[in-house]
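Notes for the one structure printed next.
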Amino acid sequence: MTDTLVASLHTPFGRFTDGSLACEDVDLAEIARIHGTPTYVYSATAIEHAYDRLDRAYAGVPHLICYAMKACANLAVLALLGRRGAGADIVSGGELFRALRAGIPADRIVFAGVGKTREEIRQALAAEILMFTIESPQELDAIQFVAAEMGTTARIAIRVNPDVDPQTHPYISTGLKKSKFGVPHEQVVNLYLRAADLPNVEPCGIQCHIGSQLVHLDPICDAVDRVSELAADVARRGIGLRYLDIGGGLAIRYRGDDPEGPEAVAAHIANRASALGLSLIMEPGRFLVGNAGALLTRVIYTKANGARKFVIVDAAMNDLIRPSLYDSFHEIAPVQVRRGANETVDLVGPVCESGDFFAHDRPMPPLEPQDLVAILSAGAYGHVMASNYNARPRAAEVLVRGGEVRLVRARETYEDLVRGEVL
Ligand code: LLP
């Protein structure tokens with residue numbers, strides 16, 4: 001396989017010598033022919049490579065990689081990572097259900113989020129998950145209440161808001177004082193002391209997560225340093241913790257950018273954990289699946305409104321909302337590249353909103369109706385954020401390994417759209 005157009009992205013998407021775009025050894029045109037469009041295409045090998053890379057970076061210290069399944073919650077993807085040794089970072093009862101259904105052992109599941117309901121806490125305690133991250137004093141009380149009711153003990157980590165600027169998009173920054181996440185660092189020690197006094201709560205970890213798509217990792221090191229100081233303080237007060245959970249946030253390549261990889265900070269973070277005698281937990285989402293997936297879509301029409309050229313494809317903001325929501329950039333590659341000069345186009349979907357776009361003013365090779373294009377680096381926060389807006393059935397998902405393609409989620413039908421509704 002030669003991979004010219006997308007070589008810089010280090011994705012599993014490359015070109016056969018005849019020029020057609022492939023995922024691993026499968027021609028994307030073949031996937032479109034069999035499974036239709038729009039379809040999410042994931043590479044099993046790429047997901048495993050990303051997992052192994054992170055695992056290797058921390059090989060010297062005890063660690064558990066809890067996949068932040070909010071990034072891509074397909075059961076087949078979860079099962080694949082679970083077989084590799086991953087646990088899961090969950091944020092809802094629904095994610096708990098999915099993780100268990102996919103065979104992720106409960107003792108590798110951590111439960112994050114600012115608004116866990118009592119019912120969700122109950123479900124997680126019944127499953128005997130590894131630990132909850134606590135984001136407020138009220139939540140600590142709720143967990144004590146439910147655990148007491150069930151006659152069990154809840155293992156907890158306090159999520160520290162370290163007030164560190166992660167230097168990323170404001171919507172995915174979580175570690176600043178003004179954000180809703182975590183417990184302000186000056187309140188953390190007191191909350192541990194309170195937790196240690198509760199009969200049905202066992203403090204066992206400390207956690208932070210400062211944001212997502214962190215192209216520079218210095219802020220993570222700063223946050224881990226702050227959290228480590230707190231962990232040492234907590235230990236001096238006689239509360240023995242076991243886990244240092246550093247959250248997620250590792251970045252992937254969306255265009256020519258070259259984010260720092262986990263190797264850049266692994267030694268620093270591993271040293272902190274070792275010095276405290278703590279095992280590491282990490283919660284990568286995007287890093288494991290982002291570059292491994294693409295959204296395959298077909299051109300319906302092209303048109304020119306004055307000087308503006310539009311390419312209208314059969315995927316839309318309901319399938320992949322990242323460009324609309326974060327103005328995020330996704331590389332877009334035609335499956336077959338037509339000869340001719342590049343044209344500057346807007347690539348848009350059929351949804352009735354001006355915000356329904358995948359690219360603005362993008363130079364693209366000529367595109368015509370029926371052509372296929374792949375929207376790259378869409379494996380993370382793609383299908384999971386899809387909706388049925390405009391009564392559009394959600395896309396299919398396929399998992400490729402080598403030359404094989406497996407449909408891992410069928411395209412929704414019109415009947416799926418009205419399930420549960422009454423006339
Ligand atoms: N742990 C916690 C507590 C989180 O809140 C998140 C992501 C992660 C781990 C995983 O972060 P990652 O490794 O994927 O950066 N929809 C947005 C991203 C939202 C991230 C929310 N929290 C996007 O499409 O960019």
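We label chains A, B, ... in the order they appear in the structure tokens, count residues from 1 in each chain, and number ligands from 1 in the order shown.
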*asked:* With DSSP run on the backbone, what are the helix (DSSP H, G or I) residues within segment 281-391 of chain A? I'd like them as a list in words.
replied: Arg286, Phe287, Leu288, Val289, Arg322, Pro323, Ser324, Leu325, Tyr326, His383, Val384, Met385, Tyr389, Asn390 and Ala391 of chain A
Kindly export the residues of the current selection with N, CA and C atoms, as a PDB file, in the first residue's frame.
ATOM      1  N   ARG A 286      -9.662   9.809  23.349  1.00  0.00           N
ATOM      2  CA  ARG A 286      -9.319  10.192  21.977  1.00  0.00           C
ATOM      3  C   ARG A 286      -8.054   9.491  21.469  1.00  0.00           C
ATOM      4  N   PHE A 287      -7.024   9.414  22.329  1.00  0.00           N
ATOM      5  CA  PHE A 287      -5.735   8.873  21.906  1.00  0.00           C
ATOM      6  C   PHE A 287      -5.863   7.431  21.397  1.00  0.00           C
ATOM      7  N   LEU A 288      -6.765   6.664  22.002  1.00  0.00           N
ATOM      8  CA  LEU A 288      -6.873   5.251  21.622  1.00  0.00           C
ATOM      9  C   LEU A 288      -7.655   5.045  20.327  1.00  0.00           C
ATOM     10  N   VAL A 289      -8.615   5.903  20.059  1.00  0.00           N
ATOM     11  CA  VAL A 289      -9.517   5.615  18.938  1.00  0.00           C
ATOM     12  C   VAL A 289      -9.621   6.719  17.880  1.00  0.00           C
ATOM     13  N   ARG A 322     -18.493  17.505  15.572  1.00  0.00           N
ATOM     14  CA  ARG A 322     -17.297  18.228  16.041  1.00  0.00           C
ATOM     15  C   ARG A 322     -17.020  19.523  15.264  1.00  0.00           C
ATOM     16  N   PRO A 323     -17.103  19.517  13.920  1.00  0.00           N
ATOM     17  CA  PRO A 323     -16.865  20.787  13.225  1.00  0.00           C
ATOM     18  C   PRO A 323     -17.872  21.867  13.645  1.00  0.00           C
ATOM     19  N   SER A 324     -19.160  21.492  13.744  1.00  0.00           N
ATOM     20  CA  SER A 324     -20.177  22.477  14.117  1.00  0.00           C
ATOM     21  C   SER A 324     -19.996  22.966  15.539  1.00  0.00           C
ATOM     22  N   LEU A 325     -19.657  22.056  16.442  1.00  0.00           N
ATOM     23  CA  LEU A 325     -19.638  22.398  17.864  1.00  0.00           C
ATOM     24  C   LEU A 325     -18.343  23.068  18.290  1.00  0.00           C
ATOM     25  N   TYR A 326     -17.218  22.583  17.771  1.00  0.00           N
ATOM     26  CA  TYR A 326     -15.916  23.114  18.213  1.00  0.00           C
ATOM     27  C   TYR A 326     -15.150  23.785  17.080  1.00  0.00           C
ATOM     28  N   HIS A 383     -19.386   8.885  16.406  1.00  0.00           N
ATOM     29  CA  HIS A 383     -20.690   8.226  16.495  1.00  0.00           C
ATOM     30  C   HIS A 383     -21.364   8.430  17.845  1.00  0.00           C
ATOM     31  N   VAL A 384     -20.571   8.469  18.922  1.00  0.00           N
ATOM     32  CA  VAL A 384     -21.158   8.635  20.268  1.00  0.00           C
ATOM     33  C   VAL A 384     -21.911   9.945  20.429  1.00  0.00           C
ATOM     34  N   MET A 385     -21.553  10.944  19.650  1.00  0.00           N
ATOM     35  CA  MET A 385     -22.237  12.237  19.767  1.00  0.00           C
ATOM     36  C   MET A 385     -23.301  12.395  18.684  1.00  0.00           C
ATOM     37  N   TYR A 389     -31.324  14.032  14.744  1.00  0.00           N
ATOM     38  CA  TYR A 389     -31.841  15.313  14.268  1.00  0.00           C
ATOM     39  C   TYR A 389     -32.219  15.213  12.782  1.00  0.00           C
ATOM     40  N   ASN A 390     -33.317  15.855  12.441  1.00  0.00           N
ATOM     41  CA  ASN A 390     -33.899  15.786  11.081  1.00  0.00           C
ATOM     42  C   ASN A 390     -34.386  14.380  10.757  1.00  0.00           C
ATOM     43  N   ALA A 391     -34.680  13.584  11.834  1.00  0.00           N
ATOM     44  CA  ALA A 391     -35.113  12.185  11.654  1.00  0.00           C
ATOM     45  C   ALA A 391     -34.174  11.422  10.737  1.00  0.00           C
TER      46      ALA A 391
END
*Any idea what's packed within 7 Å of Ala316 of chain A, counting only C-alpha atoms, ignoring anything in its chain fewer than 4 positions away? Could you give it as a ChimeraX atom specification?*
/A:320,348-351,356
Keeping only all heavy atoms, write the selected residues as a short mmCIF file (atom, residue, chain, number, x, y, z; two decimals), in the first residue's frame.
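Generated output (again-v9.cif):
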data_model
loop_
_atom_site.label_atom_id
_atom_site.label_comp_id
_atom_site.auth_asym_id
_atom_site.auth_seq_id
_atom_site.Cartn_x
_atom_site.Cartn_y
_atom_site.Cartn_z
N LEU A 320 -21.61 13.62 12.79
CA LEU A 320 -20.31 14.07 13.32
C LEU A 320 -20.46 15.55 13.62
O LEU A 320 -20.48 16.37 12.70
CB LEU A 320 -19.20 13.83 12.29
CG LEU A 320 -17.82 14.36 12.67
CD1 LEU A 320 -17.24 13.61 13.88
CD2 LEU A 320 -16.84 14.26 11.50
N VAL A 348 -20.56 20.14 3.06
CA VAL A 348 -21.69 20.29 3.98
C VAL A 348 -22.61 19.07 3.92
O VAL A 348 -22.54 18.26 3.01
CB VAL A 348 -22.51 21.56 3.63
CG1 VAL A 348 -21.64 22.80 3.68
CG2 VAL A 348 -23.18 21.42 2.27
N GLY A 349 -23.47 18.96 4.95
CA GLY A 349 -24.45 17.88 4.99
C GLY A 349 -25.82 18.38 4.58
O GLY A 349 -26.00 19.57 4.31
N PRO A 350 -26.81 17.47 4.60
CA PRO A 350 -28.17 17.84 4.17
C PRO A 350 -29.05 18.46 5.26
O PRO A 350 -30.19 18.81 4.98
CB PRO A 350 -28.79 16.51 3.74
CG PRO A 350 -27.70 15.50 3.78
CD PRO A 350 -26.68 16.02 4.72
N VAL A 351 -28.54 18.59 6.49
CA VAL A 351 -29.38 19.07 7.59
C VAL A 351 -29.69 20.56 7.42
O VAL A 351 -28.88 21.33 6.92
CB VAL A 351 -28.68 18.80 8.95
CG1 VAL A 351 -29.19 19.70 10.05
CG2 VAL A 351 -28.86 17.34 9.34
N ASP A 356 -24.36 23.15 9.70
CA ASP A 356 -24.13 21.77 9.27
C ASP A 356 -23.03 21.74 8.22
O ASP A 356 -23.30 21.84 7.02
CB ASP A 356 -25.43 21.19 8.70
CG ASP A 356 -25.24 19.77 8.20
OD1 ASP A 356 -24.34 19.08 8.71
OD2 ASP A 356 -25.99 19.35 7.29
#
*asked:* What residues of the protein or nucleic acid chains come within 6 Å of ligand 1 when you use only C-alpha atoms and all ligand atoms? Reply as a PyMOL selection string.
replied: chain A and resi 68+71+112+172+209+212-213+247-250+283-287+322+381
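Closest approach to Pro184 of chain A among A:Leu423, A:Leu230, A:Pro199, A:Arg242 is made by A:Leu230 (distances from only C-alpha atoms).
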*For Arg338 of chain A, which of A:Asp218, A:Pro12, A:Arg108, A:Gly19 is the closest residue, counting only C-alpha atoms?*
A:Gly19
*For segment 87-102 of chain A, work out the shell of residues within 10 Å, counting only C-alpha atoms and skipping chain neighbours fewer than 3 positions away, then give it as an MDAnalysis selection string.*
chainID A and resid 64:70 73:84 105:117 119:124 127 129:133 247:248 281:285
_DSSP-assigned strand (DSSP E or B) members of segment 42-217 of chain A, reported as an MDAnalysis selection string_ = chainID A and resid 42:43 63:68 87:90 109:111 131:134 154:161 173 183:184 201:207 211 214
Write the residues you've just listed into a file as a PDB file, in the first residue's frame, and include C-alpha atoms for each of them.
ATOM      1  CA  TYR A  42     -12.524   1.801  12.570  1.00  0.00           C
ATOM      2  CA  SER A  43      -9.205  -0.015  12.365  1.00  0.00           C
ATOM      3  CA  HIS A  63      -0.648   1.058  35.841  1.00  0.00           C
ATOM      4  CA  LEU A  64      -4.166   0.509  34.555  1.00  0.00           C
ATOM      5  CA  ILE A  65      -5.456   2.062  31.341  1.00  0.00           C
ATOM      6  CA  CYS A  66      -9.158   2.820  31.835  1.00  0.00           C
ATOM      7  CA  TYR A  67     -10.433   3.656  28.362  1.00  0.00           C
ATOM      8  CA  ALA A  68     -12.626   6.779  28.458  1.00  0.00           C
ATOM      9  CA  GLY A  87     -10.537  -1.099  31.978  1.00  0.00           C
ATOM     10  CA  ALA A  88     -13.107   1.625  31.413  1.00  0.00           C
ATOM     11  CA  ASP A  89     -13.658   5.176  32.580  1.00  0.00           C
ATOM     12  CA  ILE A  90     -17.432   5.590  32.668  1.00  0.00           C
ATOM     13  CA  ILE A 109     -14.006   0.372  35.969  1.00  0.00           C
ATOM     14  CA  VAL A 110     -13.767   3.908  37.360  1.00  0.00           C
ATOM     15  CA  PHE A 111     -16.839   6.141  37.477  1.00  0.00           C
ATOM     16  CA  MET A 131     -13.781   3.284  42.375  1.00  0.00           C
ATOM     17  CA  PHE A 132     -15.855   6.447  42.041  1.00  0.00           C
ATOM     18  CA  THR A 133     -14.310   9.848  41.510  1.00  0.00           C
ATOM     19  CA  ILE A 134     -15.960  12.349  43.823  1.00  0.00           C
ATOM     20  CA  ALA A 154     -17.588   2.481  48.204  1.00  0.00           C
ATOM     21  CA  ARG A 155     -14.006   3.062  47.105  1.00  0.00           C
ATOM     22  CA  ILE A 156     -13.488   6.682  46.115  1.00  0.00           C
ATOM     23  CA  ALA A 157     -10.948   9.084  44.669  1.00  0.00           C
ATOM     24  CA  ILE A 158     -11.425  12.816  44.943  1.00  0.00           C
ATOM     25  CA  ARG A 159     -11.208  14.630  41.637  1.00  0.00           C
ATOM     26  CA  VAL A 160      -8.981  17.627  42.175  1.00  0.00           C
ATOM     27  CA  ASN A 161      -9.554  20.813  40.263  1.00  0.00           C
ATOM     28  CA  SER A 173     -11.041  22.538  29.250  1.00  0.00           C
ATOM     29  CA  VAL A 183     -13.071  19.891  44.005  1.00  0.00           C
ATOM     30  CA  PRO A 184     -11.003  23.108  44.376  1.00  0.00           C
ATOM     31  CA  VAL A 201     -16.555   5.028  52.167  1.00  0.00           C
ATOM     32  CA  GLU A 202     -12.941   4.065  51.619  1.00  0.00           C
ATOM     33  CA  PRO A 203     -10.677   6.743  50.116  1.00  0.00           C
ATOM     34  CA  CYS A 204      -8.298   4.862  47.847  1.00  0.00           C
ATOM     35  CA  GLY A 205      -7.247   7.268  45.094  1.00  0.00           C
ATOM     36  CA  ILE A 206      -6.783  10.812  43.913  1.00  0.00           C
ATOM     37  CA  GLN A 207      -7.689  11.996  40.421  1.00  0.00           C
ATOM     38  CA  GLY A 211      -8.923  18.831  29.526  1.00  0.00           C
ATOM     39  CA  LEU A 214      -3.732  18.632  24.978  1.00  0.00           C
TER      40      LEU A 214
END
*asked:* Ranking A:Gln144, A:Val26, A:Arg15, A:Val227 by minimum distance to Arg406 of chain A and counting only C-alpha atoms, which one comes first?
replied: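 The shortest atom-to-atom distance to Arg406 of chain A comes from A:Val26.
Proximity to Thr37 of chain A was assessed for A:Glu353, A:Asp245, A:Asp314, A:Glu415 counting only C-alpha atoms; the smallest distance is recorded for A:Asp314.
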*In Å, how far is it from atom CA of Glu368 of chain A to atom CA of Pro38 of chain A?*
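The value is 16.7 Å.
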*Excluding segment 266-274 of chain A and residues on its chain fewer than 6 positions from it, collect all residues at most 10 Å away from it, counting only C-alpha atoms, and give them as a list in words.*
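In the requested format, the answer is Leu54, Arg56, Ala57, Tyr58, Ala59, Gly60, Val61, Pro62, His63, Ile220, Cys221, Val224, Asp225, Val227, Ser228, Glu229, Ala231, Arg242, Tyr243, Leu244, Asp245, Ile246, Leu280 and Ile281 of chain A.
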Output the selection as a short mmCIF file (atom, residue, chain, number, x, y, z; two decimals), in the first residue's frame - C-alpha atoms for each residue.
data_model
loop_
_atom_site.label_atom_id
_atom_site.label_comp_id
_atom_site.auth_asym_id
_atom_site.auth_seq_id
_atom_site.Cartn_x
_atom_site.Cartn_y
_atom_site.Cartn_z
CA LEU A 54 0.64 3.96 25.92
CA ARG A 56 4.74 0.60 26.80
CA ALA A 57 5.33 4.19 27.85
CA TYR A 58 4.37 3.24 31.41
CA ALA A 59 5.80 -0.29 31.37
CA GLY A 60 8.11 0.51 34.30
CA VAL A 61 5.35 1.21 36.82
CA PRO A 62 2.13 -0.49 37.91
CA HIS A 63 -0.65 1.06 35.84
CA ILE A 220 -0.62 17.73 32.74
CA CYS A 221 2.73 17.60 34.53
CA VAL A 224 0.07 15.93 38.47
CA ASP A 225 2.62 17.83 40.58
CA VAL A 227 -2.13 16.48 42.91
CA SER A 228 0.98 14.65 44.13
CA GLU A 229 1.55 17.30 46.80
CA ALA A 231 -1.57 13.02 47.97
CA ARG A 242 -3.37 3.37 46.33
CA TYR A 243 -4.10 5.08 43.01
CA LEU A 244 -2.97 8.22 41.25
CA ASP A 245 -5.43 8.75 38.40
CA ILE A 246 -4.15 11.29 35.88
CA LEU A 280 -1.18 4.85 38.06
CA ILE A 281 -4.59 4.95 36.45
#
